[in-house]
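**Q** Input start12.pdb, format and content: PDB, C-alpha atoms.
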ATOM      1  CA  MET A 213     137.117 116.722  66.832  1.00  0.00           C
ATOM      2  CA  VAL A 214     135.049 118.082  69.725  1.00  0.00           C
ATOM      3  CA  PHE A 215     133.401 115.769  72.193  1.00  0.00           C
ATOM      4  CA  VAL A 216     130.268 116.990  73.908  1.00  0.00           C
ATOM      5  CA  ALA A 217     129.443 115.400  77.234  1.00  0.00           C
ATOM      6  CA  ALA A 218     126.144 113.584  77.306  1.00  0.00           C
ATOM      7  CA  PRO A 219     123.590 115.330  79.479  1.00  0.00           C
ATOM      8  CA  LYS A 220     123.383 113.909  82.978  1.00  0.00           C
ATOM      9  CA  LYS A 221     120.482 111.644  83.762  1.00  0.00           C
ATOM     10  CA  LEU A 222     119.225 110.697  87.203  1.00  0.00           C
ATOM     11  CA  ARG A 223     120.192 107.114  87.988  1.00  0.00           C
ATOM     12  CA  VAL A 224     117.038 105.537  89.374  1.00  0.00           C
ATOM     13  CA  GLY A 225     116.417 102.198  91.074  1.00  0.00           C
ATOM     14  CA  ILE A 226     113.055 100.644  91.856  1.00  0.00           C
ATOM     15  CA  PHE A 227     113.039  97.957  94.550  1.00  0.00           C
ATOM     16  CA  SER A 228     110.230  95.722  95.808  1.00  0.00           C
ATOM     17  CA  PHE A 229     110.206  93.883  99.101  1.00  0.00           C
ATOM     18  CA  THR A 230     107.362  91.923 100.741  1.00  0.00           C
ATOM     19  CA  GLY A 231     104.110  93.237  99.322  1.00  0.00           C
ATOM     20  CA  ASP A 232     101.865  93.074  96.311  1.00  0.00           C
ATOM     21  CA  GLU A 233     103.980  95.352  94.046  1.00  0.00           C
ATOM     22  CA  GLY A 234     100.989  97.647  93.534  1.00  0.00           C
ATOM     23  CA  CYS A 235     103.251 100.699  93.758  1.00  0.00           C
ATOM     24  CA  VAL A 236     105.385  99.413  90.879  1.00  0.00           C
ATOM     25  CA  ILE A 237     102.221  99.007  88.821  1.00  0.00           C
ATOM     26  CA  THR A 238     101.330 102.624  89.639  1.00  0.00           C
ATOM     27  CA  LEU A 239     104.854 103.680  88.663  1.00  0.00           C
ATOM     28  CA  LEU A 240     104.462 101.929  85.314  1.00  0.00           C
ATOM     29  CA  GLU A 241     101.141 103.700  84.817  1.00  0.00           C
ATOM     30  CA  ALA A 242     102.884 107.053  85.384  1.00  0.00           C
ATOM     31  CA  LEU A 243     105.460 106.112  82.756  1.00  0.00           C
ATOM     32  CA  ASN A 244     102.610 105.693  80.259  1.00  0.00           C
ATOM     33  CA  TYR A 245     102.274 109.475  80.062  1.00  0.00           C
ATOM     34  CA  LYS A 246     105.648 110.675  81.400  1.00  0.00           C
ATOM     35  CA  PHE A 247     108.033 108.445  79.439  1.00  0.00           C
ATOM     36  CA  PHE A 248     108.801 110.813  76.563  1.00  0.00           C
ATOM     37  CA  GLU A 249     109.133 113.788  78.907  1.00  0.00           C
ATOM     38  CA  TRP A 250     111.505 111.898  81.233  1.00  0.00           C
ATOM     39  CA  LYS A 251     113.425 109.641  78.812  1.00  0.00           C
ATOM     40  CA  ASP A 252     116.343 112.055  78.463  1.00  0.00           C
ATOM     41  CA  LYS A 253     116.326 112.962  82.166  1.00  0.00           C
ATOM     42  CA  ILE A 254     116.162 109.661  84.038  1.00  0.00           C
ATOM     43  CA  ASP A 255     117.836 106.330  83.539  1.00  0.00           C
ATOM     44  CA  ILE A 256     116.112 103.458  85.330  1.00  0.00           C
ATOM     45  CA  VAL A 257     119.142 101.273  85.989  1.00  0.00           C
ATOM     46  CA  TYR A 258     117.490  98.874  88.443  1.00  0.00           C
ATOM     47  CA  ALA A 259     113.950  97.550  88.099  1.00  0.00           C
ATOM     48  CA  ARG A 260     113.210  93.829  88.038  1.00  0.00           C
ATOM     49  CA  THR A 261     109.915  94.545  86.273  1.00  0.00           C
ATOM     50  CA  LEU A 262     111.608  96.449  83.431  1.00  0.00           C
ATOM     51  CA  ARG A 263     115.109  95.030  83.001  1.00  0.00           C
ATOM     52  CA  SER A 264     116.848  91.684  82.945  1.00  0.00           C
ATOM     53  CA  LYS A 265     120.253  93.241  83.723  1.00  0.00           C
ATOM     54  CA  ASN A 266     120.244  95.611  86.704  1.00  0.00           C
ATOM     55  CA  ASP A 267     122.785  97.896  88.371  1.00  0.00           C
ATOM     56  CA  ALA A 268     122.101  99.104  91.919  1.00  0.00           C
ATOM     57  CA  SER A 269     125.293 101.155  92.281  1.00  0.00           C
ATOM     58  CA  ASN A 270     125.623 104.938  92.495  1.00  0.00           C
ATOM     59  CA  LEU A 271     121.898 105.691  92.466  1.00  0.00           C
ATOM     60  CA  ASP A 272     120.553 109.207  92.599  1.00  0.00           C
ATOM     61  CA  LEU A 273     117.052 108.010  93.525  1.00  0.00           C
ATOM     62  CA  ALA A 274     116.008 104.675  95.001  1.00  0.00           C
ATOM     63  CA  PHE A 275     112.293 103.922  95.279  1.00  0.00           C
ATOM     64  CA  VAL A 276     111.442 101.156  97.760  1.00  0.00           C
ATOM     65  CA  GLU A 277     108.090  99.461  98.256  1.00  0.00           C
ATOM     66  CA  GLY A 278     106.924  96.705 100.567  1.00  0.00           C
ATOM     67  CA  ALA A 279     107.710  95.666 104.116  1.00  0.00           C
ATOM     68  CA  ILE A 280     110.896  93.982 105.306  1.00  0.00           C
ATOM     69  CA  SER A 281     110.164  90.386 106.293  1.00  0.00           C
ATOM     70  CA  ALA A 282     113.552  88.638 106.361  1.00  0.00           C
ATOM     71  CA  PRO A 283     117.236  89.262 107.128  1.00  0.00           C
ATOM     72  CA  ALA A 284     118.174  89.137 103.414  1.00  0.00           C
ATOM     73  CA  GLU A 285     115.666  91.906 102.665  1.00  0.00           C
ATOM     74  CA  GLU A 286     117.013  94.017 105.509  1.00  0.00           C
ATOM     75  CA  ALA A 287     120.573  93.568 104.232  1.00  0.00           C
ATOM     76  CA  LYS A 288     119.498  94.511 100.678  1.00  0.00           C
ATOM     77  CA  LEU A 289     117.717  97.626 101.971  1.00  0.00           C
ATOM     78  CA  ARG A 290     120.840  98.705 103.890  1.00  0.00           C
ATOM     79  CA  GLU A 291     122.886  98.174 100.705  1.00  0.00           C
ATOM     80  CA  ILE A 292     120.405 100.290  98.720  1.00  0.00           C
ATOM     81  CA  ARG A 293     120.674 103.084 101.310  1.00  0.00           C
ATOM     82  CA  ALA A 294     124.484 102.964 101.173  1.00  0.00           C
ATOM     83  CA  ASN A 295     124.446 103.221  97.355  1.00  0.00           C
ATOM     84  CA  SER A 296     121.768 105.930  96.992  1.00  0.00           C
ATOM     85  CA  LYS A 297     121.762 109.682  97.395  1.00  0.00           C
ATOM     86  CA  VAL A 298     118.004 109.732  98.040  1.00  0.00           C
ATOM     87  CA  VAL A 299     115.739 106.914  99.235  1.00  0.00           C
ATOM     88  CA  VAL A 300     111.992 107.285  98.700  1.00  0.00           C
ATOM     89  CA  ALA A 301     109.473 105.047 100.494  1.00  0.00           C
ATOM     90  CA  ILE A 302     106.557 104.464  98.133  1.00  0.00           C
ATOM     91  CA  GLY A 303     103.259 103.246  99.526  1.00  0.00           C
ATOM     92  CA  THR A 304     102.084 102.520 103.021  1.00  0.00           C
ATOM     93  CA  CYS A 305     103.958  99.190 103.229  1.00  0.00           C
ATOM     94  CA  ALA A 306     107.244 101.071 102.916  1.00  0.00           C
ATOM     95  CA  ILE A 307     106.106 103.886 105.229  1.00  0.00           C
ATOM     96  CA  ASN A 308     104.511 101.947 108.086  1.00  0.00           C
ATOM     97  CA  GLY A 309     104.602  98.282 107.040  1.00  0.00           C
ATOM     98  CA  LEU A 310     100.868  97.918 106.513  1.00  0.00           C
ATOM     99  CA  PRO A 311      99.057  96.097 105.081  1.00  0.00           C
ATOM    100  CA  SER A 312     101.937  93.660 104.451  1.00  0.00           C
ATOM    101  CA  ALA A 313     102.926  93.602 108.135  1.00  0.00           C
ATOM    102  CA  GLN A 314      99.423  92.992 109.420  1.00  0.00           C
ATOM    103  CA  ARG A 315     100.542  89.635 110.819  1.00  0.00           C
ATOM    104  CA  ASN A 316     102.402  91.664 113.471  1.00  0.00           C
ATOM    105  CA  ASN A 317      98.971  92.426 114.941  1.00  0.00           C
ATOM    106  CA  PHE A 318      97.506  88.919 114.746  1.00  0.00           C
ATOM    107  CA  PRO A 319      96.138  87.448 117.993  1.00  0.00           C
ATOM    108  CA  ASP A 320      98.640  85.266 119.856  1.00  0.00           C
ATOM    109  CA  GLY A 321      96.845  82.040 118.838  1.00  0.00           C
ATOM    110  CA  LEU A 322      97.100  82.881 115.145  1.00  0.00           C
ATOM    111  CA  LYS A 323     100.746  83.948 115.515  1.00  0.00           C
ATOM    112  CA  LYS A 324     101.470  80.557 117.096  1.00  0.00           C
ATOM    113  CA  GLU A 325      99.634  78.815 114.248  1.00  0.00           C
ATOM    114  CA  ILE A 326     101.700  80.520 111.525  1.00  0.00           C
ATOM    115  CA  GLN A 327     105.004  80.312 113.454  1.00  0.00           C
ATOM    116  CA  PRO A 328     106.199  77.115 111.672  1.00  0.00           C
ATOM    117  CA  LEU A 329     105.726  78.803 108.280  1.00  0.00           C
ATOM    118  CA  VAL A 330     107.470  82.002 109.429  1.00  0.00           C
ATOM    119  CA  GLN A 331     110.426  79.904 110.619  1.00  0.00           C
ATOM    120  CA  LYS A 332     110.458  77.727 107.484  1.00  0.00           C
ATOM    121  CA  LEU A 333     110.624  80.852 105.285  1.00  0.00           C
ATOM    122  CA  GLY A 334     113.369  82.373 107.442  1.00  0.00           C
ATOM    123  CA  GLN A 335     111.306  85.451 108.213  1.00  0.00           C
ATOM    124  CA  PHE A 336     111.470  87.828 111.140  1.00  0.00           C
ATOM    125  CA  GLU A 337     108.997  87.335 113.977  1.00  0.00           C
ATOM    126  CA  ARG A 338     107.912  90.930 113.338  1.00  0.00           C
ATOM    127  CA  MET A 339     107.900  92.498 109.893  1.00  0.00           C
ATOM    128  CA  LYS A 340     109.357  96.006 109.603  1.00  0.00           C
ATOM    129  CA  ALA A 341     108.704  99.044 107.462  1.00  0.00           C
ATOM    130  CA  PRO A 342     111.774 100.238 105.517  1.00  0.00           C
ATOM    131  CA  THR A 343     111.439 103.525 107.455  1.00  0.00           C
ATOM    132  CA  GLU A 344     112.266 101.529 110.618  1.00  0.00           C
ATOM    133  CA  VAL A 345     115.463 100.136 109.091  1.00  0.00           C
ATOM    134  CA  VAL A 346     117.109 103.011 107.176  1.00  0.00           C
ATOM    135  CA  LYS A 347     116.870 106.769 106.784  1.00  0.00           C
ATOM    136  CA  VAL A 348     114.218 107.583 104.196  1.00  0.00           C
ATOM    137  CA  ASP A 349     114.401 111.011 102.547  1.00  0.00           C
ATOM    138  CA  GLU A 350     110.938 111.179 100.956  1.00  0.00           C
ATOM    139  CA  GLN A 351     107.614 109.359 101.278  1.00  0.00           C
ATOM    140  CA  VAL A 352     104.805 108.875  98.783  1.00  0.00           C
ATOM    141  CA  PRO A 353     101.706 107.669 100.685  1.00  0.00           C
ATOM    142  CA  GLY A 354      98.869 105.484  99.495  1.00  0.00           C
ATOM    143  CA  CYS A 355      98.094 101.841  98.869  1.00  0.00           C
ATOM    144  CA  PRO A 356      99.059 101.736  96.152  1.00  0.00           C
ATOM    145  CA  MET A 357     101.036 104.967  96.217  1.00  0.00           C
ATOM    146  CA  LEU A 358      99.478 108.118  94.853  1.00  0.00           C
ATOM    147  CA  GLU A 359     100.626 108.505  91.258  1.00  0.00           C
ATOM    148  CA  THR A 360     100.686 112.313  91.532  1.00  0.00           C
ATOM    149  CA  GLY A 361     102.970 112.080  94.580  1.00  0.00           C
ATOM    150  CA  PHE A 362     105.401 109.850  92.696  1.00  0.00           C
ATOM    151  CA  VAL A 363     105.465 112.213  89.712  1.00  0.00           C
ATOM    152  CA  GLN A 364     106.075 115.191  92.022  1.00  0.00           C
ATOM    153  CA  VAL A 365     109.059 113.491  93.666  1.00  0.00           C
ATOM    154  CA  VAL A 366     110.653 112.538  90.334  1.00  0.00           C
ATOM    155  CA  GLU A 367     110.132 116.015  88.926  1.00  0.00           C
ATOM    156  CA  LYS A 368     111.554 117.629  92.086  1.00  0.00           C
ATOM    157  CA  TYR A 369     114.840 115.765  91.621  1.00  0.00           C
ATOM    158  CA  ILE A 370     114.911 116.333  87.853  1.00  0.00           C
ATOM    159  CA  ALA A 371     114.576 120.085  88.551  1.00  0.00           C
ATOM    160  CA  GLN A 372     117.363 119.961  91.150  1.00  0.00           C
ATOM    161  CA  MET A 373     119.625 118.135  88.703  1.00  0.00           C
ATOM    162  CA  GLU A 374     118.932 120.651  85.948  1.00  0.00           C
ATOM    163  CA  VAL A 375     119.668 123.598  88.265  1.00  0.00           C
ATOM    164  CA  GLY A 376     122.716 122.019  89.897  1.00  0.00           C
TER     165      GLY A 376
END
Have the structure of the file written as structure tokens, please.
**A**
Amino acid sequence: MVFVAAPKKLRVGIFSFTGDEGCVITLLEALNYKFFEWKDKIDIVYARTLRSKNDASNLDLAFVEGAISAPAEEAKLREIRANSKVVVAIGTCAINGLPSAQRNNFPDGLKKEIQPLVQKLGQFERMKAPTEVVKVDEQVPGCPMLETGFVQVVEKYIAQMEVG
């Protein structure tokens, strides 16, 4: 009996932090026309919007969206970075924090007014972009992210896997 190894698939994780999850919606839209082309090449092992059981270990690609608003989110992002070969910031929230981090630029009076809520929710005084917290290997701009940019990044790493 001869056993043939299953073809390698990219292990992909999709992570959302503080934001509106518009980039995940765009990602799902891309899957509408790329699913059958990618189904034997990628394995989405972590995505709260797609799976009830998730595995964030040994990722080839981790896509992160949203700004970092609390210590638990920062710790999760650092864990994602430690368990991923490539981290991709998707959307402007992940690249520069905006628009999710717009409260960082509120006038002092408004910051004082929302301070009790920020403290109650255990959030940072200043929200951060994931690019401020960990090394990010790729960025897909836009709010929400540009679908074509996302597809290009996925296909770049599929091609590298197939060559390597």
**Q** What does the distance between CA of Ala259 in chain A and CA of Gln314 in chain A come to in Å, to one decimal place?
**A**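 Spanning CA of Ala259 in chain A to CA of Gln314 in chain A is a straight-line distance of 26.2 Å.
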**Q** Quick one: of A:Glu367, A:Asp252, A:Ala282, A:Cys235, who's nearest to Phe336 in chain A, counting only C-alpha atoms?
**A**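 Closest candidate: A:Ala282.
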**Q** Which residues are near Ala313 in chain A? Cut-off 8 Å, all atoms listed in the file, ignore same chain within fewer than 4 positions. Put them as number ranges by chain.
**A** A: 279, 305, 309, 317, 338-341
**Q** Between A:Ile307, A:Ile256, A:Met357, A:Ile326, single out the one closest to Ala268 in chain A, counting only C-alpha atoms.
**A**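 Counting only C-alpha atoms, the residue closest to Ala268 in chain A is A:Ile256.
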**Q** Take the PyMOL selection byres ((chain A and resi 349-356) around 12), apply it to the structure above, and return the hits as a PDB file with C-alpha atoms, in the coordinates of the input.
**A**
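Saved the output as result28.pdb:
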ATOM      1  CA  GLY A 231     104.110  93.237  99.322  1.00  0.00           C
ATOM      2  CA  ASP A 232     101.865  93.074  96.311  1.00  0.00           C
ATOM      3  CA  GLU A 233     103.980  95.352  94.046  1.00  0.00           C
ATOM      4  CA  GLY A 234     100.989  97.647  93.534  1.00  0.00           C
ATOM      5  CA  CYS A 235     103.251 100.699  93.758  1.00  0.00           C
ATOM      6  CA  VAL A 236     105.385  99.413  90.879  1.00  0.00           C
ATOM      7  CA  ILE A 237     102.221  99.007  88.821  1.00  0.00           C
ATOM      8  CA  THR A 238     101.330 102.624  89.639  1.00  0.00           C
ATOM      9  CA  LEU A 239     104.854 103.680  88.663  1.00  0.00           C
ATOM     10  CA  GLU A 241     101.141 103.700  84.817  1.00  0.00           C
ATOM     11  CA  ASP A 272     120.553 109.207  92.599  1.00  0.00           C
ATOM     12  CA  LEU A 273     117.052 108.010  93.525  1.00  0.00           C
ATOM     13  CA  ALA A 274     116.008 104.675  95.001  1.00  0.00           C
ATOM     14  CA  PHE A 275     112.293 103.922  95.279  1.00  0.00           C
ATOM     15  CA  VAL A 276     111.442 101.156  97.760  1.00  0.00           C
ATOM     16  CA  GLU A 277     108.090  99.461  98.256  1.00  0.00           C
ATOM     17  CA  GLY A 278     106.924  96.705 100.567  1.00  0.00           C
ATOM     18  CA  ARG A 293     120.674 103.084 101.310  1.00  0.00           C
ATOM     19  CA  SER A 296     121.768 105.930  96.992  1.00  0.00           C
ATOM     20  CA  LYS A 297     121.762 109.682  97.395  1.00  0.00           C
ATOM     21  CA  VAL A 298     118.004 109.732  98.040  1.00  0.00           C
ATOM     22  CA  VAL A 299     115.739 106.914  99.235  1.00  0.00           C
ATOM     23  CA  VAL A 300     111.992 107.285  98.700  1.00  0.00           C
ATOM     24  CA  ALA A 301     109.473 105.047 100.494  1.00  0.00           C
ATOM     25  CA  ILE A 302     106.557 104.464  98.133  1.00  0.00           C
ATOM     26  CA  GLY A 303     103.259 103.246  99.526  1.00  0.00           C
ATOM     27  CA  THR A 304     102.084 102.520 103.021  1.00  0.00           C
ATOM     28  CA  CYS A 305     103.958  99.190 103.229  1.00  0.00           C
ATOM     29  CA  ALA A 306     107.244 101.071 102.916  1.00  0.00           C
ATOM     30  CA  ILE A 307     106.106 103.886 105.229  1.00  0.00           C
ATOM     31  CA  ASN A 308     104.511 101.947 108.086  1.00  0.00           C
ATOM     32  CA  GLY A 309     104.602  98.282 107.040  1.00  0.00           C
ATOM     33  CA  LEU A 310     100.868  97.918 106.513  1.00  0.00           C
ATOM     34  CA  PRO A 311      99.057  96.097 105.081  1.00  0.00           C
ATOM     35  CA  SER A 312     101.937  93.660 104.451  1.00  0.00           C
ATOM     36  CA  PRO A 342     111.774 100.238 105.517  1.00  0.00           C
ATOM     37  CA  THR A 343     111.439 103.525 107.455  1.00  0.00           C
ATOM     38  CA  VAL A 346     117.109 103.011 107.176  1.00  0.00           C
ATOM     39  CA  LYS A 347     116.870 106.769 106.784  1.00  0.00           C
ATOM     40  CA  VAL A 348     114.218 107.583 104.196  1.00  0.00           C
ATOM     41  CA  MET A 357     101.036 104.967  96.217  1.00  0.00           C
ATOM     42  CA  LEU A 358      99.478 108.118  94.853  1.00  0.00           C
ATOM     43  CA  GLU A 359     100.626 108.505  91.258  1.00  0.00           C
ATOM     44  CA  THR A 360     100.686 112.313  91.532  1.00  0.00           C
ATOM     45  CA  GLY A 361     102.970 112.080  94.580  1.00  0.00           C
ATOM     46  CA  PHE A 362     105.401 109.850  92.696  1.00  0.00           C
ATOM     47  CA  VAL A 363     105.465 112.213  89.712  1.00  0.00           C
ATOM     48  CA  GLN A 364     106.075 115.191  92.022  1.00  0.00           C
ATOM     49  CA  VAL A 365     109.059 113.491  93.666  1.00  0.00           C
ATOM     50  CA  VAL A 366     110.653 112.538  90.334  1.00  0.00           C
ATOM     51  CA  LYS A 368     111.554 117.629  92.086  1.00  0.00           C
ATOM     52  CA  TYR A 369     114.840 115.765  91.621  1.00  0.00           C
TER      53      TYR A 369
END
**Q** Using all atoms listed in the file, which of A:Lys253, A:Gln331, A:Leu289, A:Thr230 sits nearest Met373 in chain A?
**A**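 Going through A:Lys253, A:Gln331, A:Leu289, A:Thr230 one by one, the smallest distance to Met373 in chain A is for A:Lys253.
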